[in-house]
Structure formats: structure tokens, C-alpha cells
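Asker: Below: one structure in C-alpha cells.
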Amino acid sequence: MLGFLLKRAALALAVAVTVSIISFLLLRASGDIAVAVAGEGATEADIEAIRIQFGFDRPLIVQYFEWAGNALTGDLGQSVYFRVPVVELIGERMPVTMGLGALALVFAVALSIPLGVAAALRPNSIIDRLSLWIAVLGQAMPSFWFALLLMLVMGVWWRWLPISGAGGFDHYIMPAIALGYYATPAIMRLTRAGMIEVLESDYIRTAHAKGLGTGKVLFKHALRNAVIPVVSLAAVQFGFMLSGSIVIESIFALPGVGHLAWISLQRSDFTVVQGIVLMLSVIYILMALVADLFNAWLDPRIRVA
Amino acid sequence: MSEIPILKVEDLRVSLPVDGGTLNAVRGVSFDVNRGETLCIVGESGCGKSLTSLAIMGLLPRRAKREAAALAFDGQSLQGMSPRGLRKLRGDRMAMIFQEPMTSLNPAYTVGDQLMEALLTHRKVSRSEARARAIALLEQVGITAAERRLAQYPHQLSGGLRQRVMIAMALMCGPELIIADEPTTALDVTIQAQILHLLLELKREMGLALVLITHDLGVVARIADRVAVMYAGEVVETGTAAEIFSDPQHPYTRGLLSCIPVPGRTRPGEHLGSVPGVVPSLIGSFTECGFRERCPLAREACARPIGLTPLGEGRAVRCVLAETEEAAA
Amino acid sequence: MTDMQAAPAASPTAPAPGPGKVPGKAPAGPWARMRRRSLRHGGVMFGAIVLLGFIAMAFLAPLLAPHDPLSQSLSTRLIDPFWGAKPHPDHLLGTDQLGRDYLSRMIYGARISLTIGLVAMVISGVIGTAMGVAAGYFGGRIDHFVTFVVTTRLSMPVILVALAVVAVAGSSLTVVVLVLGFLLWDRFAVVMRSATRQVRDHEYVAAAQALGMPVSRIVMSEILPNVLGALIVVATLEMAHAILLEAALSFLGLGVQPPTPSWGLMVSEGRKAMFFKPWLIAIPGAALFVLVLAINLLGDGLRDVMAPEGRS
């Protein structure tokens, strides 16, 4: 168990370092930062001074290590537009994005696991076909279009929910549905496949032979084993949702990290974009790591080795 | 004779829909098992032994169809029984031990949890009582450090240990009937002997009835009171163990018996008998004796479906030779 | 990060002879059976017909489009489509805020989506297949390295990275295609890796190795023909993925630039008036939806058709 844990952590660390190099290079490739920092109307001399002051004249590798060192202490630089530390900007908005992501994941799981289980119980039945169609249609729906349709129908025609901005919980419902539905087909298919496989296994027959009720066989003996791979998938999907939040948050004007990324891109505020890329990647890496550990905990064959 | 058999099976049929027709895997099997008696069902793989046992327990795959003239446990018909009623019997008064100990335990739960579950489902007992019972049974099936084993997961145990756990699990509620489907096939030879010995001992101590399904005649010789030989979904010969071994009637039974080496009589290197050929297709119904293609004594008269000929109390054989002898007698 | 199971059940078809080996001969058994099954498979037929329809529309755009997709006219702004309240016979699908014919823009828009989908799919297919086959064939360190690269790529937020690169490099059709091509190879790599591993252990590969055939020949004549089935399935799914991403990028204003008629961009432009003229977003969105649905159904169907036995 300890060996497994260390190996996973080492891999996660290596990936995180690689990602940090890529996001560092992304900013450098965006043009001369000194010009951006100096702002409009700066003279050549001003820019040169800034270049030396910020150390942009030194070799890239030295700059990377300085930047990475700062990043480790929580300093991701200053926003050119807002003139405040990037960490502060992201920190203010992270709760919105995390809340949205969590709600979206809850929505996705709450929809896809029951459907997947129901489909697995009666393959080729109406419910199986219905859930298959939900999956097929869901995968083909452009997320921004789905979001706009939701807005139009639930927000404008039926007037159930507010269509933009951040306020109470109700402001999160439509964005969470729009973000979460994209993860449902994959989770549903995996649940269905896992359940079908587990239901054919010998230990399910043993459970029936013991005289257990259907509910106990399904939920205690089958689902527990079928859900193990779903946990990893859900974590991965959560990572994708954070990435997808940029579309959804900008549509619903939800002031989260995705929204910040979008406005920063429009203002060419690449220090912020770089910080967000790094942040979202690290969150994804951590999620995957946590999912692996959670998996190991769920599966005694890994936990008690 | 007035005693009600613990298990009565009459004309049991199991069929499965397949590409190109219906696979009649079990074709009218009948037998009774009395209290405290051991019945061995013998036959090659694919002859319908396992499906017979699953059909009795009501554990057939969903697409399989079961029919029977009678199927009764202790006088209660299992056919019209509600799923709820059946669940009450399963694991309580009749229990089953499966062929694959490696995969028959749920990997996600501890041995203790799975053992106690059987008792907690059927009896109003506390967890500590269930635990005590689990420990006692683990000790009885020969597992040392039983208390520690309760906290272990199946993957931490060897195949032999897992099968002992499965046996203990079947015994949790003190069943009157145990159906064991090739319980030793997946195990090492030395472990096989231990497990069989254990089953015999338990049976004697607890007075339970046992239906043992096997393809191993060596096992049958050691444990059986009565024997049913199955071939291609049918029972081809029944009788007491002594009758079957000393006076086999059906050519298939004789073929099977010639396959086992006898200590002292079979010389090293001597050629063992074998039954040549393969089992006929089980799709559709037979138009001739199912064994005809492989039978050394086949003749014209075999070109029709053959019925069972009773040869006495609990003794019968499915062969034209027996029919003609009886007619001659 | 152990997201290696994303592979669609890749089942290389039975050891069919490499196409190069039997030149000019009729397709061997497995392929004939596949074609027969395809013709009976509803998803494959629907997907293929709709996709071919869109391709024909893209090719014949100048012939089919009733108007110039770019020509604006202030007098014909926001005309309703034929089912609307005030339709106009000249503009079947109405006009947008600048008076441009919506049907013509839709027809030309198919060109953008299909071009981006195809080119990005080819680029990412080449990259991903090379990586996946190398990892699957050689195993060992190369396999570890590829797995690491794929894991790294998966941990980066695709949409954000794509947007950032487009923002840095300047947005044009070429840049969008290249960015998507260089970002979407992960699934190719994962699927090709597992498919190659399965094929690698077959006897005919060992036989080729024993004959001293160079690796490049083995890969071209023994491996690739046998992982082709899996490759086609991923290719369709990735094409759909690229089309959706282009639309999202254009929708966010960092993809194809106006006045080019891209469906994603049209949704974005129509959004300002969507509460009064919902068809402005409904039409291009529905076109995207139908195109992606067709491609996905084709891909899913091909996977069913190529599976050795029809697993539901």
C-alpha cells in the first residue's frame, strides 16, 4: 500500500512539474511581458528598465526556477489589468468554480448511476434503450448551445431560474446542469458495463444462494464493486468540468475562475491565464491522486496487500 | 417409505434459447434425496449436472427456462413458491457450495462480514452471536486462528481456505440440505482430500443431506450412499453406490469406471480405459439413444429415444439392453 | 490519472491478411462480413448518410447557397425563417442582424466544421497513433514515457489551453486547426497503445520478427492493418470532438473570426437577439448537434459492427 502510494505521488509530482514548465513557456510565448507591464505610452527606456527590474533579460531556465520557486510560495505574479496578485484574483473566485463543479458532479452522478444500474438490470429493456439514447444525444450536444437552450426555456419562457450572475443557490442550478450533463454519458456507460459484469460474477450467485434480498444483493454486493472504476472516472470528469467551466461561467456570467480566464484572455492578461492553467492542472492532478487513493480504499485487494 | 424426502425432483427440464434453436440442457431428471443421505450426481462436464443444481436452488441464469413435474423441498413445492418464500429457504434450510472458491466470495467484504450475513439474514440474532457462530464454524471446518480470519479479505486466503469458508458459510444456519457443485475441482489434490473428508465428517455429525455433484468417481466411492449417473442431460443409471460400483449396467457407467485406476489392480503404465467420442448436440430433442454414437454395444434398436427401465427399489437404467432383459425375464 | 480505460473496446479484427499482401483481390471474409453488417446497422447507415449529406453540402456550397454568405443588407435584417411569423421566399432560413442570408451561411458553415474536424483529426491521429503504437509495440521505457506524456496532457485544461494558444498566436482557421490537432491526440494514443499490445502478442507478429523483418515493415504490414478497426472508431469520435471544440472556441470569440460563417460563431452572434429570435441560435446549434450525432453514431456503430460477436 505504501509503495503504491509513493509511486502515485511521485508520478503526480512529475506531471505537475511538467505542467508548470508548459504554463511558464505559454506566458513567455505570449510576447514581451515588459511591454505589457509598462503599459501604454511607455518609452523604450521605461521598458528596458522594467525588463531589468523584473529580470526578463536573464536566461529562461533561471527565470523558470525563480517563477516556480515563487509559485511554490503562493506567488503567481501580478495581473497586468487588475494590478493585484494573481493568487488573490483566483482565490476570490475559486469557491464559485469549485461549488459549480461539485454541484455539476452531484447532478451527473445522481442522474447517471441510477440510470446505469437500471439499464444493467434489464439489458435491452425500455429503460436501457432510453438511457442509451440520453447518452448518445448528450454526447452530441454542444455544451454552450445546451446552456443557451436551458436559459431560454427555464429562464425566459418558464421563468423558473435566474439566467445570469451570482446570487443564491438558484443561480448555480442551470450552470450545474449545463456543465454536468456532459459527464453523464461516460459515467452511465461505465456504471452499466460494470454492473452487468459484476451481476454475472460468482459472488453475486453466492449472495443469492445465501437468501439475501434483491436490494441487499444489488446495493451491498454488486454496486460496491461496480462503482470502483466509476470513482476514477468521476474524478477525471470533475477535472474536465473545471476546464469546461470557462464556457459555462462566461455564458451565465458566473464570476468564477473560468469567467476570470475568459475576461483575462480578452484583455491579453496572460499572467492570470498562466496562473489559472497551472491551478486547474494541479487541481486535476490532485483529484486523480485522491481518486486513486479512494479507489485503493474501496478495493481491499489494493488496500490490504 | 412413508418418510417425506428432503428433496424431490421429478422430470426436471432446463432449456436455454440459443442461436439455431433451444438447448435442452437438462432433459427430465428425477431423483429423491432422503434426510441424512448423500446423493452423488456423476457425469462429464456439460452433461447438465450444474444446471440441475442451480435449477433446484432457483439460481438459473435469467434466460434459462425451468420445468418440472415436481420439485419439492421437505414436501413444499419450490415451483409455485414466491421469490420471498424461496429466499427464506435458501441459505437457511438449504445451502449451496460452489465450484470456484476463488471467485465465489465478494472481494469487497471481509470473511466475517460475509459469514455473519447468512445468519443475520435468516435469524433474529445479535451481531456478537453471529460472530460467535462464525468463529465456531470456522474452527469446525478446520481453520486455525478463526477470530483473526474474520477480519481478513478473501484475496488474503488460499483457495483451500476460501472453500472452507464457503462451507462454513453454507453451515451458518444449520441447513438440512447442502448442494455442493464440484466443491473440490478447483483445488489441489491434497486439499481436495481434506475438503472431502471435512464434508463427510460434517454430514455425519450434523445429519444433513448432501447432494454432491462431481465428475470424479473416486470421490463418489468414498462418500456416496446413492448415485445418479448423468449423460447428455439425462439420468442414465441410478442405484446405491455399491450397486453402481459392483454391477454397473449402462455402457457409459462401465466406461467411466474403467477410467479410474484401482490401487493394487492397475499396474503402472497400464492403459486406462476411456470413453471415446463427444457428447451429442443438446439442441432440439433426441431421435435416438443419446449415447449411441459412443457406445461399444450400439445396435439397430438404439435408433429411438430410450426410457428408464426400473431394476428394483431406487435402481434404474436407460438402455435397450436392460429393456430386452427385463422383457425376457 | 490512470484514465487508461477510456479506450472504446478496441477489438482488432481477426488476423486479416494485410491489404498490401493480396493486391487486387476481393476483400477478404471479415471485411465482407463487416460491410454486410454495416448495411443492416441503423446507426451506421444513419450516420454515414447524414455525414455524406453534410460533406456534399460543403463541397457544393457555391452551387447550393442561394446568396453570398457575407453580403449584408440593412433592409433585410432579421427576417423570420419559413416557419416564422413573417417569412420571405428569398430567405428560407431567414436573415441575421446584418441581413445576411442564414441558409447560405449555414451551408458555408459546414465547410468550416468539416475542414476543422477532418484536418484536426488527421493531425492528432498521426501524432496519437505514432505514440500509441510505439508504446504498445516496444513497451518498457517508451511505454512509460508515452503514458507520462498522455497523463500530462490529460491534466491540462483543454479548452483553456486552446483558448490561450489561439489568443497568443492570433486567431485564424489555420491556428485553430493546428491547436486542436496538437491537443486532441490523447485518446488515439491510449486506444492505439492497448490495441497494439493485443496484436503484438499474436503469432504472426512473432513470425515476422523471427524472419528478421525490420520494425517499420512489421508495423506497417502486420500491426497497422490489425488495429485499423479501433483506429477508425477513435478517428470518428475525435473528429466529432474537434468540431465541438472549434464551435466552443468560436463561440467564445477566440476561434474562427467574423465574418467567416462558423456555426459556433453564428450561435454567439445570434445570442444577443435569442430571446426574441430564438431560431438564430436554434438553427446553427441544431446543425452542429445533428452533424456530431451522425459522426458519433457512425463511430459507435462501426465499433458494434467490428466487434467479433455482437455484444450489446
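Simple scheme: letters A, B, ... for chains in C-alpha cells order, numbers from 1 for residues in each chain, numbers from 1 for ligands in the order shown.
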Quick one: everything within 8 Å of stretch 162-179 of chain B, counting only C-alpha atoms, minus sequence neighbours fewer than 5 positions away in the same chain. Send it as a PyMOL selection string.

Answerer: (chain A and resi 210) or (chain B and resi 6+35+53+91-98+101-102+105+111+114-116+118-119+122+133-134+137-138+141-143+154+157+195+207-213)

Asker: Identify all chain C residues at most 9 Å from chain A by counting only C-alpha atoms; ligands do not count. Present them as a VMD selection string.

Answerer: chain C and resid 1 to 3 5 to 6 148 to 149 151 to 161 163 to 165 167 to 169 240 to 241 244 to 245 247 to 249 251 to 254 264 267 271 274 to 275 278 281 to 282 285 to 286 288 to 297 312

Asker: Please return as a PyMOL selection string: the residues of stretch 100-135 of chain B that backbone DSSP assigns to helix (DSSP H, G or I).

Answerer: chain B and resi 111-122+127-135

Asker: What are the closest atom pairs, with distances in Å to one decimal, for all residues of chain A lying within 12 Å of chain B? Consider only C-alpha atoms, order rows by chain and residue number, and present the result as a tab-separated table.

Answerer:
residue	atom	partner	partner_atom	distance
A:Leu121	CA	B:Arg62	CA	10.8
A:Arg122	CA	B:Arg62	CA	10.3
A:Pro123	CA	B:Arg62	CA	11.4
A:Val198	CA	B:Asn106	CA	10.1
A:Leu199	CA	B:Pro61	CA	10.6
A:Glu200	CA	B:Pro61	CA	8.8
A:Ser201	CA	B:Thr103	CA	7.5
A:Asp202	CA	B:Ser104	CA	4.7
A:Tyr203	CA	B:Ser104	CA	4.2
A:Ile204	CA	B:Asn106	CA	7.6
A:Arg205	CA	B:Leu59	CA	7.1
A:Thr206	CA	B:Ser104	CA	6.1
A:Ala207	CA	B:Asn106	CA	8.6
A:His208	CA	B:Leu59	CA	7.4
A:Ala209	CA	B:Arg90	CA	5.7
A:Lys210	CA	B:Gly91	CA	4.0
A:Gly211	CA	B:Arg87	CA	4.3
A:Leu212	CA	B:Thr121	CA	6.6
A:Gly213	CA	B:Arg87	CA	7.1
A:Thr214	CA	B:Arg87	CA	9.5
A:Lys216	CA	B:Thr121	CA	10.1
A:Val217	CA	B:Asn106	CA	10.8
A:Lys220	CA	B:Tyr109	CA	9.4
A:His221	CA	B:Asn106	CA	7.0
A:Ala222	CA	B:Asn106	CA	8.9
A:Leu223	CA	B:Ala108	CA	10.5
A:Arg224	CA	B:Ala108	CA	7.3
A:Asn225	CA	B:Ala108	CA	6.7
A:Ala226	CA	B:Ala108	CA	10.5
A:Val227	CA	B:Ala108	CA	11.3
A:Ile228	CA	B:Ala108	CA	10.1
A:Asn295	CA	B:Ala108	CA	11.5
A:Ala296	CA	B:Ala108	CA	11.1
A:Trp297	CA	B:Ala108	CA	10.1
A:Leu298	CA	B:Ala108	CA	7.4
A:Asp299	CA	B:Ala108	CA	6.1
A:Pro300	CA	B:Ala108	CA	6.0
A:Arg301	CA	B:His155	CA	6.4
A:Ile302	CA	B:His155	CA	10.0
A:Arg303	CA	B:Tyr153	CA	10.3
A:Val304	CA	B:Tyr153	CA	8.0
A:Ala305	CA	B:Gln156	CA	7.8

Asker: Enter the distance from atom CA of B:Leu71 to atom CA of B:Val33, in Å, rounded to one decimal.

Answerer: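 Between atom CA of B:Leu71 and atom CA of B:Val33 the gap is 11.6 Å.
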
Asker: So that I can check the surroundings of A:Pro185, please list as a compact mmCIF listing (two decimals) with N, CA, C and O atoms, in the first residue's frame every protein, DNA and RNA residue that reaches within 10 Å of it, counting only C-alpha atoms and ignoring chain neighbours fewer than 6 positions away.

Answerer:
# COMPACT_ATOMS: atom_id res chain seq x y z
N ALA A 108 -24.50 15.02 -12.19
CA ALA A 108 -24.12 13.99 -13.14
C ALA A 108 -24.22 12.60 -12.51
O ALA A 108 -24.78 11.67 -13.09
N LEU A 111 -27.76 11.44 -11.71
CA LEU A 111 -28.52 11.05 -12.89
C LEU A 111 -27.98 9.75 -13.49
O LEU A 111 -28.74 8.86 -13.86
N SER A 112 -26.66 9.65 -13.57
CA SER A 112 -26.09 8.58 -14.38
C SER A 112 -25.99 7.25 -13.63
O SER A 112 -26.16 6.20 -14.25
N GLY A 116 -27.63 3.99 -15.03
CA GLY A 116 -26.73 2.91 -15.42
C GLY A 116 -27.10 1.60 -14.75
O GLY A 116 -27.11 0.54 -15.38
N SER A 131 -31.81 5.14 -21.66
CA SER A 131 -30.58 5.71 -21.12
C SER A 131 -29.49 5.73 -22.18
O SER A 131 -28.67 6.64 -22.22
N LEU A 132 -29.51 4.74 -23.07
CA LEU A 132 -28.54 4.76 -24.16
C LEU A 132 -28.75 5.99 -25.03
O LEU A 132 -27.80 6.68 -25.42
N TRP A 133 -30.02 6.29 -25.30
CA TRP A 133 -30.30 7.46 -26.13
C TRP A 133 -29.93 8.75 -25.43
O TRP A 133 -29.43 9.69 -26.06
N ILE A 134 -30.17 8.81 -24.11
CA ILE A 134 -29.75 10.00 -23.37
C ILE A 134 -28.25 10.19 -23.53
O ILE A 134 -27.75 11.28 -23.77
N ALA A 135 -27.51 9.07 -23.44
CA ALA A 135 -26.06 9.15 -23.56
C ALA A 135 -25.66 9.61 -24.96
O ALA A 135 -24.83 10.52 -25.11
N VAL A 136 -26.25 9.02 -25.97
CA VAL A 136 -25.87 9.35 -27.34
C VAL A 136 -26.20 10.81 -27.66
O VAL A 136 -25.38 11.55 -28.21
N LEU A 137 -27.40 11.23 -27.27
CA LEU A 137 -27.80 12.61 -27.55
C LEU A 137 -26.95 13.59 -26.73
O LEU A 137 -26.53 14.62 -27.23
N GLY A 138 -26.70 13.23 -25.47
CA GLY A 138 -25.93 14.12 -24.61
C GLY A 138 -24.54 14.36 -25.15
O GLY A 138 -24.04 15.49 -25.11
N GLN A 139 -23.92 13.30 -25.67
CA GLN A 139 -22.56 13.45 -26.17
C GLN A 139 -22.48 14.34 -27.40
O GLN A 139 -21.43 14.90 -27.69
N THR A 191 -20.97 2.66 -15.52
CA THR A 191 -21.77 2.03 -14.46
C THR A 191 -22.51 0.82 -15.02
O THR A 191 -22.52 -0.26 -14.44
